[in-house]
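What follows is a single structure, written as structure tokens, with notes after it.
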Amino acid sequence: MKNETLNYYNENAKEYFEITKTLKTSDIYTAFLNSVKSGGKILDLGCGSGRDSLYFKNAGYDVTAVDGSVKLAKEAEKLINQDVIVSKFEDLELNQKFDGIWACASLLHVKRENIEEVLRKLSNNLKEGAVFYLSFKCGDNEYVDERGRYFNCYREESFIEMIKKIKEYDIKNIYITGDSLGGRDNLTWLNVLLQRV
């Protein structure tokens, strides 16, 4: 993750927290949790406001939350009432194995040249048969937005081409959804559910 992206989230942590803490993504939760054993261990990778971690905790799962932004992690800690690990995805070192990894609109900040290495490394944190949810903005481009945040976008075809190189995963499901933030009707999301082989 580029420093400019982290700088944005550190400088705008409170505002971002307020905007995103109540977003509804229940359909996506259901699709993910149907493949995670009841009460299992979930890694929330790029937890942001902590909204998803809180949902999983309230549903009885054992959650480990990670975010690259120190300031955003502090906001999330207050919401979920537990520590949040502060680490860039590229630097994350965890010895645990999880029943599911949740990376909602987070790994899209990993540079395209690094994404395969990050995904391969994360496979070591998944139990055999465990699932990994990821979402990216739909597109085949990389760009920096007006706030200085880097984005790596995929379409179904380009993601499949990329993931074929990583033998540790099979694609369990891949589908498109609209945007839940509001005011961004032209934005669509690529949702992927991988399974650890």
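In the structure tokens, chains take letters A, B, ... by order of appearance, with residues numbered from 1 within each chain and ligands from 1 in the order shown.
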Selection near Tyr55 in chain A, 10 Å with only C-alpha atoms, sequence-local residues under 4 positions removed, as a tab-separated table (two decimals) with N, CA and C atoms, in the first residue's frame:
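The file below, selection-v4.tsv, is the result:
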chain	number	residue	atom	x	y	z
A	26	SER	N	-25.15	-6.81	4.04
A	26	SER	CA	-25.61	-8.08	4.62
A	26	SER	C	-25.65	-9.23	3.60
A	29	TYR	N	-22.17	-10.50	3.40
A	29	TYR	CA	-21.86	-11.23	4.65
A	29	TYR	C	-22.39	-12.66	4.57
A	50	GLY	N	-14.20	-0.83	11.25
A	50	GLY	CA	-14.48	-1.94	12.16
A	50	GLY	C	-15.90	-2.48	12.03
A	51	ARG	N	-16.66	-1.92	11.09
A	51	ARG	CA	-18.06	-2.30	10.88
A	51	ARG	C	-18.23	-3.80	10.66
A	59	ALA	N	-22.02	-12.02	15.56
A	59	ALA	CA	-22.55	-13.29	15.05
A	59	ALA	C	-21.84	-14.50	15.66
A	60	GLY	N	-20.92	-14.25	16.59
A	60	GLY	CA	-20.28	-15.34	17.32
A	60	GLY	C	-18.95	-15.82	16.79
A	61	TYR	N	-18.35	-15.07	15.85
A	61	TYR	CA	-17.06	-15.47	15.28
A	61	TYR	C	-15.90	-14.86	16.08
A	63	VAL	N	-12.72	-12.90	15.83
A	63	VAL	CA	-12.23	-11.98	14.79
A	63	VAL	C	-10.86	-11.40	15.15
A	80	ILE	N	-15.21	-1.91	18.10
A	80	ILE	CA	-15.27	-3.37	18.29
A	80	ILE	C	-14.78	-3.81	19.67
Open item on the list: Let's see if you can do this: from backbone DSSP, list all strand (DSSP E) residues in range 16-197 of chain A, as a PyMOL selection string.
Closed with: chain A and resi 41-45+62-67+85-86+98-103+126-137+142-144+150-152+169-178+188-196
Open item on the list: Using only C-alpha atoms, which protein or nucleic acid residues come within 8 Å of Leu193 in chain A? Drop anything in the same chain fewer than 4 positions from it, and give the result as a ChimeraX atom specification.
Closed with: /A:32,131-134,171-174
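Interatomic distance, CA of Tyr150 in chain A against CA of Thr64 in chain A: 25.0 Å.
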- [ ] Write out as a count of residues only all residues of chain A that backbone DSSP assigns to helix (DSSP H, G or I).
- [x] 72
- [ ] Determine, counting only C-alpha atoms, which protein, DNA and RNA residues have an atom within 7 Å of an atom of Ala13 in chain A; residues of the same chain fewer than 3 positions away are not included. Present the result as a list of chain:residue names.
- [x]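 After dropping sequence-adjacent residues, the list is A:Tyr9, A:Asn10, A:Tyr16, A:Phe17, A:Lys71, A:Leu72.
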Task: Nearest-residue call for Gly68 in chain A, choices A:Phe98, A:Phe159, A:Tyr8, A:Phe56, using only C-alpha atoms - done: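 The answer is A:Tyr8, which sits nearest to Gly68 in chain A.
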TODO: Give the answer as one residue: which of A:Gly148, A:Trp189, A:Lys37, A:Ile166 has the shortest atom-to-atom distance to Glu4 in chain A, using only C-alpha atoms?
DONE: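 Looking at the shortest contact to Glu4 in chain A, the residue is A:Gly148.
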Task: For Tyr169 in chain A: contacts at 7 Å, only C-alpha atoms, fewer than 4 positions along chain excluded, given as a VMD selection string - done: chain A and resid 194 to 197
Store the residues picked out above in a file with N, CA and C atoms, as a PDB file, in the first residue's frame.
ATOM      1  N   LEU A 194     -12.674 -16.912  -2.864  1.00  0.00           N
ATOM      2  CA  LEU A 194     -11.677 -17.928  -3.155  1.00  0.00           C
ATOM      3  C   LEU A 194     -11.733 -19.031  -2.100  1.00  0.00           C
ATOM      4  N   GLN A 195     -11.257 -20.210  -2.463  1.00  0.00           N
ATOM      5  CA  GLN A 195     -11.143 -21.290  -1.485  1.00  0.00           C
ATOM      6  C   GLN A 195      -9.710 -21.812  -1.476  1.00  0.00           C
ATOM      7  N   ARG A 196      -9.189 -21.988  -0.266  1.00  0.00           N
ATOM      8  CA  ARG A 196      -7.830 -22.509  -0.109  1.00  0.00           C
ATOM      9  C   ARG A 196      -7.810 -23.981  -0.477  1.00  0.00           C
ATOM     10  N   VAL A 197      -6.955 -24.328  -1.409  1.00  0.00           N
ATOM     11  CA  VAL A 197      -6.861 -25.717  -1.890  1.00  0.00           C
ATOM     12  C   VAL A 197      -6.120 -26.567  -0.866  1.00  0.00           C
TER      13      VAL A 197
END
Open item on the list: Just to confirm, what's the straight-line distance from CA of Phe136 in chain A to CA of Tyr154 in chain A in Å (one decimal)?
Closed with: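 Interatomic distance here is 6.3 Å.
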Open item on the list: Considering only C-alpha atoms, can you say which of A:Leu190, A:Leu119, A:Leu92, A:Ala65 comes closest to Asp140 in chain A?
Closed with: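 Nearest to Asp140 in chain A: A:Leu190.
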Open item on the list: As an exercise, work out the distance from CA of Lys137 in chain A to CA of Glu77 in chain A in Å and give it to one decimal place.
Closed with: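 Separation of CA of Lys137 in chain A and CA of Glu77 in chain A: 26.7 Å.
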- [ ] May I ask which of the residues A:Ile176, A:Val144, A:Ala31, A:Ile85 is the closest one to Val70 in chain A, counting only C-alpha atoms?
- [x]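 Residue with the minimum atom-to-atom distance to Val70 in chain A: A:Ile85.
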TODO: Go through A:Met162, A:Ala76, A:Leu187, A:Cys47 one by one, measure the shortest atom-to-atom distance of each to Cys104 in chain A using only C-alpha atoms, and give the residue with the smallest value.
DONE: A:Cys47
Task: Which residue of A:Lys41, A:Lys97, A:Lys78, A:Lys165 approaches Glu128 in chain A most closely, using only C-alpha atoms - done: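 Of A:Lys41, A:Lys97, A:Lys78, A:Lys165, the one nearest Glu128 in chain A, counting only C-alpha atoms, is A:Lys97.
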- [ ] Find the spatial neighbours of His109 in chain A, counting only C-alpha atoms, within a cut-off of 7 Å - ignore same-chain residues fewer than 3 positions away - and output them as a PyMOL selection string.
- [x] chain A and resi 1+106+150-152
